Amino acid sequence: MAGVRAVGILSRFATSKYSRLSGHGHRSLSMSSSLLARTYANYEIKDGVAVIRINDPNSKVNTLSKPLQAEMTEILEEIWGNSAVKGAVLISSKPGSFIAGADLNMIQACKSAEEVTTLSQEGQKMFDKIEKSPIPIVAAINGSCLGGGLEFAIACQYRLATKSKKTVLGTPEVMLGLLPGAGGTQRLPKMLGIPAAFDMMLTGRNIRPDKAKKMGLVHQLVDPLGPGLKSPEEATIQYLETVAIEAAKNLANKKLSVKKEKGLVQKLQDMVMGLPFVRKQIYNMVTKKVMGQTKGLYPAPLKIIECVQTGIEKGTTAGSLAESVNFGNLAMTSESLALRGLYHGQVACKKNNFGSPARDVKNLAVLGAGLMGAGIAQVTFDKSVRTILKDTTVEGLTRGQQQVYKGLNDKTKKKAITSFQRDTTMSFLTGQLDYRGFDQADMVIEAVFEDLNVKHKVIKEVEAVIPPHCIFATNTSALPIKEIAAASKRPEKVIGMHYFSPVDKMQLLEIITTDKTSKDTTASAVAVGLKQGKIIIVVGDGPGFYTTRCLAAMLAEAVRVLQEGVGPKKLDALTKGLGFPVGGAALADEVGIDVAAHVAEDLGKALGSRFGGGNVEVLKTMVQKGYKGRKSGKGCYVYEKKSKDKKVNPGVEEILKAYQLKPAPSVSGDEDVQYRLLSRFVNESVLCLQEGILPDPVQGDIGAVFGLGFPPCLGGPFRFVDSFGADKLVQKMHRYEEVYGNQFSPCQLLLDHAKDSNKRFHK
Amino acid sequence: RFVFRMFVMTKTKKTLAKPNVKNIVLVDGVRTPFLLSGTSYSDLMPHDLGRGALQGLLNRTGVPKEIVDHIIYGIVIQEVKTSNVAREAALGAGFSDKTPAHTVTMACISSNQAMTSAVGLIAAGQCDVVVAGGVEFMSDVPIRHSRKMRKTMLSLNKAKTLGQRLSLLGSIRMGHLMPELPAVAEFSTAESMGHSADRLAAAFGVTRVEQDEYALRSHRLAKKAQDEGLLSDIISFQVPGKNIISADNGIRPTSMEQMGKLKPAFVKPHGTVTAANSSFLTDGASAVLIMSEEKALALGYKPKAYLRDFVYVSQDPKDQLLLGPTYATPKVLEKSGLTMEDIDVFEFHEAFAGQIVANLKAMDSDWFAQNCMGRKSKVGVPPMEKFNTWGGSLSLGHPFAATGCRLVTTVAHRLQKEGGQYGVVAACAAGGQVFLTCRLLIHAVYAVTAIRLSSACL
């Protein structure tokens with residue numbers, strides 16, 4: 001049943017409906033349509049095929065907005081009414097975007113779930129009509145075909161996609177706390193089979209053209225072209241159009257069929273899926289998996305499962321209804337609001353607000369080939385920036401270069417790049433022990449040991465060899481930049497660039513400016529970060545800047561919780577229960593216990609008793625015993641290769657016993673422990689905004705989520721205060737304050753928000 | 001892609017001789033018949049064909065073996081047993097064992113590389129008489145064991161005990177037995193050449209009909225040249241112990257209808273490059289005799305052509321793999337102070353009909369000249385009545401490393417036959433997209449006498 005190709009059904013509909021719809025054909029056929037200039041979409045008739053071109057004049061990408069839908073409906077009516085048109089091609093005039101998704105503002109503008117449901121139903125209706133089109137419609141996809149754009153494409157009778165790097169297909173709605181609300185949950189299972197459809201909708205992952213062809217999501221692939229009589233982009237679109245017109249003609253005269261012979265495996269799979277108890281088993285399995293991964297904190301995946309199940313078991317009408325109603329409800333959840341906020345925030349943090357720098361960074365040097373240094377090099381040289389990786393020892397350099405090579409080689413193994421591309425890319429990296437070539441450097445990023453004296457020594461050495469325009473960036477997680485810059489002859493060229501480990505995976509870059517850092521230096525650092533593919537927040541200088549400071553506050557509480565007898569496993573379960581992707585104890589191991597101890601001590605000194613709570617000696621003792629976290633094989637947990645199940649380090653249990661504290665029963669329930677951890681994080685964030693370390697709440701939310709794993713379902717500390725209520729949070733904090741003292745004193749800005757419920761961080 | 005320009009000079013035109021540079025001449029050139037691979041040559045080895053061409057050159061020119069200073073031979077798909085195929089072929093052909101020989105490779109312009117290396121040796125004063133050529137043998141290609149299997153077999157050599165050997169043998173799995181074919185794709189881009197040609201044709205808007213028409217033209221012209229006996233560079237080749245081969249067997253002028261029936265060979269289902277409008281896998285060898293002018297004259301030869309300028313260029317191997325001729329032709333013309341109008345004979349290597357038409361369109365495009373070549377205006381298109389008029393690689397065949405010498409010899413012969421003065425050869429090659437333009441300058445007087453000379457030799 002699932003194996004019946006949707007397109008197959010459609011073509012049957014198509015023939016039966018043809019006579020009826022062509023009855024509308026009283027419109028003049030004199031191509032008046034092509035003269036009628038529309039804003040978002042236009043069409044012309046070529047050789048009996050209507051070529052509909054989408055081009056949003058106000059944006060770099062096409063989105064499925066109300067005006068586009070309206071124009072599209074008009075066009076389709078005209079085409080269906082024109083008996084000279086035997087087929088249609090849907091194509092975008094923009095090189096990098098077919099349709100990137102539905103217009104989020106359209107959903108944002110809705111006041112109630114019902115309004116959103118209506119939106120969804122309008123989309124469903126339009127796509128149903130397209131699915132039942134009397135003439136074949138070919139979606140010619142070049143660039144992003146996501147969300148509503150994909151739902152549009154799968155309603156068409158045939159899909160062509162270019163193999164361009166920019167072509168991706170997917171249903172990312174789940175990442176915005178939504179579901180594919182315009183027929184996606186109904187069509188995809190029929191088209192791809194239930195397991196593949198679940199995978200696509202529940203992960204929201206981007207699907208590359210080759211994979212899409214293999215899955216049956218598109219029928220035919222077209223290669224991108226090089227320069228010819230036009231630019232490659234134009235030539236490719238034109239080629240795609242030509243091939244699509246040919247396909248439309250062949251579909252119309254039945255030379256091309258969308259039905260595909262099924263292989264044995266496919267037939268078997270269909271047969272198995274035809275058994276109700278097998279399907280039930282699948283629903284249960286998927287639900288269980290989703291619950292395991294989301295801890296029930298995200299409603300959207302469960303609703304997707306529900307919609308698919310309803311559609312398969314009770315028919316498409318019931319399924320579509322479930323889809324639109326759930327879509328409406330999901331749009332109103334705080335989770336979706338939070339995720340959409342993050343989406344917008346992330347877009348905002350991928351722009352350079354400091355203008356374009358005076359010169360492009362073409363040569364970059366990284367000092368220190370440790371985990372961080374090599375990681376920074378890794379995300380730099382593959383963007384065609386000549387990169388020097390310098391270390392002081394052959395062993396260190398070798399390790400770093402191996403890390404870099406492994407990163408690229410893994411991409412080769414996954415076939416993201418060819419071995420040849422890997423090798424030519426490697427030629428952009430030079431590993432060395434001396435300062436050769438630094439006279440050409442436009443930027444130096446140091447990632448040496450976190451010790452002020454070492455940093456001072458390095459800055460002096462480097463400044464002796466670099467050209468005057470070269471920027472000196474320091475990658476530190478806690479040392480104040482102005483203290484590092486104190487050793488510099490040119491503090492306006494010094495800036496902090498705080499990367500997160502592992503650099504190639506973590507998306508955030510926290511840039512720290514001092515009051516002496518010049519605007520051009522900042523612009524240049526942001527430009528480099530953007531080139532490296534980072535999401536960037538730019539914050540002021542101070543102990544721990546923004547991210548480290550918030551994390552340190554929470555970790556201090558986590559240590560206290562451990563001292564109070566909550567084991568590392570329980571602590572992890574509690575933090576993950578809040579929505580953190582990594583538990584508190586595991587996170588400390590990842591960061592490194594030595595780094596955590598260092599930071600805790602420094603911040604404790606600089607910011608006083610607010611950073612108290614857990615005893616720093618616990619961390620220090622761990623470091624003394626060699627429990628430095630994952631990198632040393634032992635931290636809170638014991639790390640063994642191959643073993644998946646982490647065991648708690650018995651050595652740590654002993655240490656914790658030695659520093660045992662008596663828990664206060666009134667604030668030690670599971671929920672209270674969670675809020676103790678969360679509130680210290682959030683309070684510190686708000687304080688950073690109050691003190692001007694953070695320029696705005698958006699960057700605060702983005703930094704917390706993308707750098708520290710703050711629960712995405714809460715949308716970041718500021719979004720959390722807005723949705724949870726500052727007053728409720730302050731109440732809880734006061735309770736904890738009574739027991740533990742000023743570590744839980746809410747900051748002034750938080751108190752202001754608690755007093756006035758109209759005050760919100762996000763509009 | 002490899003392009004040669006040949007020019008015949010009259011008294012009114014300049015000789016293009018360069019001060020303080022020796023004049024270098026093509027004494028003569030020959031080739032074996034080019035056969036579809038898997039036909040009459042199929043049981044041979046590459047050096048056998050090379051031997052045939054070299055022996056033919058010896059016979060036709062009567063050059064004394066002991067005066068040959070050096071032999072350079074090109075090949076693309078190498079037989080591992082004869083990795084220096086130049087030496088094996090030369091010894092087999094009866095050249096002196098005192099004459100050094102080396103092998104060069106540069107994809108489809110390997111024999112162009114052999115010839116220009118010879119020009120270099122003579123110009124540098126190191127040699128006076130050099131034989132250059134190339135061979136390709138596609139009836140047999142080295143198919144290897146998989147890397148895993150090779151590794152196991154090599155370890156087996158080193159295994160000392162029976163136990164070690166048995167454990168190695170025991171480690172062989174089904175996957176080990178999968179053979180490895182020689183790469184049909186560009187190493188750097190993993191794209192096959194046919195695929196690249198199809199994309200190139202699309203980028204220049206070359207239709208299927210245009211390609212089929214061009215391919216048909218090539219076959220018809222080749223047939224005509226064959227029937228009229230113009231392909232005089234061919235020497236007969238006796239397959240050892242079998243019959244004598246004296247004509248190419250890939251020329252097959254059909255009809256547009258027949259060609260139109262074929263399905264695309266590389267890009268499916270919408271591609272335009274088919275088996276009929278591509279050059280086919282071919283076995284064949286060629287050879288030329290190159291000397292300094294003074295040596296040739298001293299030996300009593302009437303050379304067929306001057307070899308003057310040559311240019312190699314390279315471009316992006318992904319999107320411009322087959323566009324070499326467009327880039328190199330204007331360069332070599334500028335180098336010699338000539339214009340497109342001065343040229344009497346064009347011989348361009350035809351890898352694919354789509355690629356030739358794309359190059360012609362590129363040469364006719366201001367956009368391409370301005371945006372891709374950094375020129376002010378378009379290169380200009382060679383007139384078709386001067387272009388590959390005796391057929392080309394599409395019809396005669398394309399034994400990769402043998403094609404270059406065929407193109408040069410053909411230009412010399414066409415200049416003589418048609419009374420022209422200047423000729424140009426161009427060819428594209430895989431890999432770095434190397435494009436070599438070699439300009440040959442033929443002196444009219446020599447051209448005429450050279451024919452007499454060759455007939456005397458025969």
# chains A, B, ... in the order shown; residues from 1 in each chain; ligands from 1

call {"tool": "residues_around", "arguments": {"residues": "A:Val623", "least_positions_apart": "6", "cutoff": "9 Å", "atoms": "only C-alpha atoms", "output": "PyMOL selection string"}}
result
chain A and resi 593-594+597+629+635

call {"tool": "select_by_dssp", "arguments": {"residues": "stretch 254-424 of chain A", "states": "alpha helix (DSSP H)", "output": "PyMOL selection string"}}
result
chain A and resi 264-273+276-294+299-314+316-331+334-348+371-378+394-413+419-424

call {"tool": "interface_residues", "arguments": {"of": "chain B", "to": "chain A", "cutoff": "10 Å", "atoms": "only C-alpha atoms", "output": "PyMOL selection string"}}
result
chain B and resi 187-190+195-196+198-205+267-271+316+318-320+358-359+361-362+364-369+371-372

call {"tool": "write_last_selection", "arguments": {"atoms": "C-alpha atoms", "output": "PDB file, in the first residue's frame"}}
result
ATOM      1  CA  PHE B 187      41.264  11.534 -11.559  1.00  0.00           C
ATOM      2  CA  SER B 188      40.781  15.054 -10.248  1.00  0.00           C
ATOM      3  CA  THR B 189      37.045  15.362 -10.824  1.00  0.00           C
ATOM      4  CA  ALA B 190      35.911  11.738 -11.066  1.00  0.00           C
ATOM      5  CA  HIS B 195      30.090  13.157 -19.399  1.00  0.00           C
ATOM      6  CA  SER B 196      32.195  16.282 -19.469  1.00  0.00           C
ATOM      7  CA  ASP B 198      27.929  16.343 -22.750  1.00  0.00           C
ATOM      8  CA  ARG B 199      27.925  19.119 -20.172  1.00  0.00           C
ATOM      9  CA  LEU B 200      30.184  21.205 -22.356  1.00  0.00           C
ATOM     10  CA  ALA B 201      27.832  20.799 -25.302  1.00  0.00           C
ATOM     11  CA  ALA B 202      24.920  21.851 -23.073  1.00  0.00           C
ATOM     12  CA  ALA B 203      26.786  24.876 -21.786  1.00  0.00           C
ATOM     13  CA  PHE B 204      27.257  26.075 -25.362  1.00  0.00           C
ATOM     14  CA  GLY B 205      23.766  25.113 -26.387  1.00  0.00           C
ATOM     15  CA  VAL B 267      24.166  11.533 -19.513  1.00  0.00           C
ATOM     16  CA  LYS B 268      20.892   9.701 -19.285  1.00  0.00           C
ATOM     17  CA  PRO B 269      18.196  10.170 -20.367  1.00  0.00           C
ATOM     18  CA  HIS B 270      18.576  13.741 -21.616  1.00  0.00           C
ATOM     19  CA  GLY B 271      22.176  13.804 -22.833  1.00  0.00           C
ATOM     20  CA  ASP B 316      40.056  24.057 -15.071  1.00  0.00           C
ATOM     21  CA  LYS B 318      35.997  20.340 -14.485  1.00  0.00           C
ATOM     22  CA  ASP B 319      34.186  22.735 -16.752  1.00  0.00           C
ATOM     23  CA  GLN B 320      36.762  23.516 -19.416  1.00  0.00           C
ATOM     24  CA  ALA B 358      31.329  23.807 -28.518  1.00  0.00           C
ATOM     25  CA  ASN B 359      34.849  25.012 -29.296  1.00  0.00           C
ATOM     26  CA  LYS B 361      30.896  28.350 -30.586  1.00  0.00           C
ATOM     27  CA  ALA B 362      33.309  29.424 -27.876  1.00  0.00           C
ATOM     28  CA  ASP B 364      32.617  32.769 -31.919  1.00  0.00           C
ATOM     29  CA  SER B 365      31.466  34.140 -28.538  1.00  0.00           C
ATOM     30  CA  ASP B 366      32.356  37.588 -27.260  1.00  0.00           C
ATOM     31  CA  TRP B 367      30.923  36.671 -23.869  1.00  0.00           C
ATOM     32  CA  PHE B 368      33.261  33.706 -23.552  1.00  0.00           C
ATOM     33  CA  ALA B 369      36.256  35.679 -24.777  1.00  0.00           C
ATOM     34  CA  ASN B 371      34.522  36.498 -19.267  1.00  0.00           C
ATOM     35  CA  CYS B 372      36.636  33.370 -19.503  1.00  0.00           C
TER      36      CYS B 372
END

call {"tool": "select_by_dssp", "arguments": {"residues": "stretch 455-514 of chain A", "states": "strand (DSSP E or B)", "output": "VMD selection string"}}
result
chain A and resid 471 to 474 494 to 499 508 to 513

call {"tool": "residues_around", "arguments": {"residues": "stretch 35-48 of chain A", "least_positions_apart": "5", "cutoff": "12 Å", "atoms": "only C-alpha atoms", "output": "PyMOL selection string"}}
result
chain A and resi 29-30+53-59+61-76+78-79+82-94+99+135-136+241-242+244-246+248-250+252-253

call {"tool": "residues_around", "arguments": {"residues": "stretch 391-394 of chain B", "least_positions_apart": "5", "cutoff": "8 Å", "atoms": "only C-alpha atoms", "output": "compact mmCIF listing (two decimals) with N, CA and C atoms, in the first residue's frame"}}
result
# COMPACT_ATOMS: atom_id res chain seq x y z
N ALA B 215 29.39 14.96 -36.87
CA ALA B 215 29.98 13.61 -36.92
C ALA B 215 29.82 13.02 -38.31
N ARG B 217 29.55 14.64 -41.09
CA ARG B 217 30.49 15.35 -41.96
C ARG B 217 31.88 14.70 -41.87
N SER B 218 32.30 14.43 -40.67
CA SER B 218 33.62 13.84 -40.47
C SER B 218 33.73 12.50 -41.20
N HIS B 219 32.69 11.67 -41.05
CA HIS B 219 32.72 10.35 -41.69
C HIS B 219 32.70 10.48 -43.21
N ARG B 220 31.88 11.39 -43.72
CA ARG B 220 31.78 11.54 -45.18
C ARG B 220 33.09 12.03 -45.76
N LEU B 221 33.69 13.02 -45.10
CA LEU B 221 34.96 13.56 -45.59
C LEU B 221 36.07 12.51 -45.52
N ALA B 222 36.03 11.71 -44.46
CA ALA B 222 37.05 10.67 -44.31
C ALA B 222 36.90 9.64 -45.42
N LYS B 223 35.65 9.30 -45.70
CA LYS B 223 35.38 8.30 -46.74
C LYS B 223 35.90 8.81 -48.08
N ALA B 225 38.21 11.08 -48.59
CA ALA B 225 39.68 11.11 -48.58
C ALA B 225 40.24 9.72 -48.79
N ASN B 277 28.38 10.07 -32.20
CA ASN B 277 29.02 11.37 -32.35
C ASN B 277 30.23 11.56 -31.41
N SER B 278 30.80 10.41 -30.99
CA SER B 278 32.03 10.45 -30.19
C SER B 278 33.11 9.68 -30.95
N SER B 279 34.37 9.96 -30.62
CA SER B 279 35.42 9.14 -31.21
C SER B 279 35.39 7.79 -30.50
N PHE B 280 35.79 6.76 -31.21
CA PHE B 280 35.67 5.39 -30.67
C PHE B 280 37.03 4.90 -30.17
N GLU B 347 43.66 21.55 -38.65
CA GLU B 347 43.40 20.16 -38.24
C GLU B 347 43.20 20.16 -36.73
N PHE B 348 41.95 19.97 -36.31
CA PHE B 348 41.63 19.92 -34.88
C PHE B 348 41.28 18.48 -34.52
N HIS B 349 41.79 18.06 -33.40
CA HIS B 349 41.43 16.71 -32.94
C HIS B 349 39.96 16.69 -32.52
N GLU B 350 39.24 15.69 -33.03
CA GLU B 350 37.80 15.57 -32.74
C GLU B 350 37.59 14.50 -31.68
N ALA B 351 37.53 14.89 -30.42
CA ALA B 351 37.26 13.92 -29.37
C ALA B 351 35.78 13.55 -29.40
N PHE B 352 34.96 14.60 -29.45
CA PHE B 352 33.51 14.43 -29.55
C PHE B 352 33.01 15.50 -30.51
N ALA B 353 31.98 15.18 -31.26
CA ALA B 353 31.41 16.19 -32.13
C ALA B 353 30.95 17.39 -31.30
N THR B 403 47.38 10.13 -32.14
CA THR B 403 46.64 11.12 -32.92
C THR B 403 47.48 12.36 -33.28

call {"tool": "residues_around", "arguments": {"residues": "A:Leu339", "least_positions_apart": "5", "cutoff": "8 Å", "atoms": "only C-alpha atoms", "output": "PyMOL selection string"}}
result
chain A and resi 175-177+712-715

call {"tool": "atom_distance", "arguments": {"atom1": "atom CA of A:Phe545", "atom2": "atom CA of A:Leu694"}}
result
8.7 Å

call {"tool": "closest_residue", "arguments": {"among": "B:Ile172, B:Ala275, B:Val357, B:Ala401", "to": "B:Ile109", "atoms": "only C-alpha atoms"}}
result
B:Ala401

call {"tool": "residues_around", "arguments": {"residues": "A:Ala369", "least_positions_apart": "5", "cutoff": "8 Å", "atoms": "only C-alpha atoms", "output": "list in words"}}
result
Ala374, Leu389, Lys390, Asp391, Gly396, Leu397, Arg399, Gly400, Gln401 and Ala447 of chain A

call {"tool": "residues_around", "arguments": {"residues": "stretch 144-161 of chain B", "least_positions_apart": "2", "cutoff": "9 Å", "atoms": "only C-alpha atoms", "output": "count of residues only"}}
result
18

call {"tool": "atom_distance", "arguments": {"atom1": "atom CA of B:Leu407", "atom2": "atom CA of B:Ser139"}}
result
22.5 Å
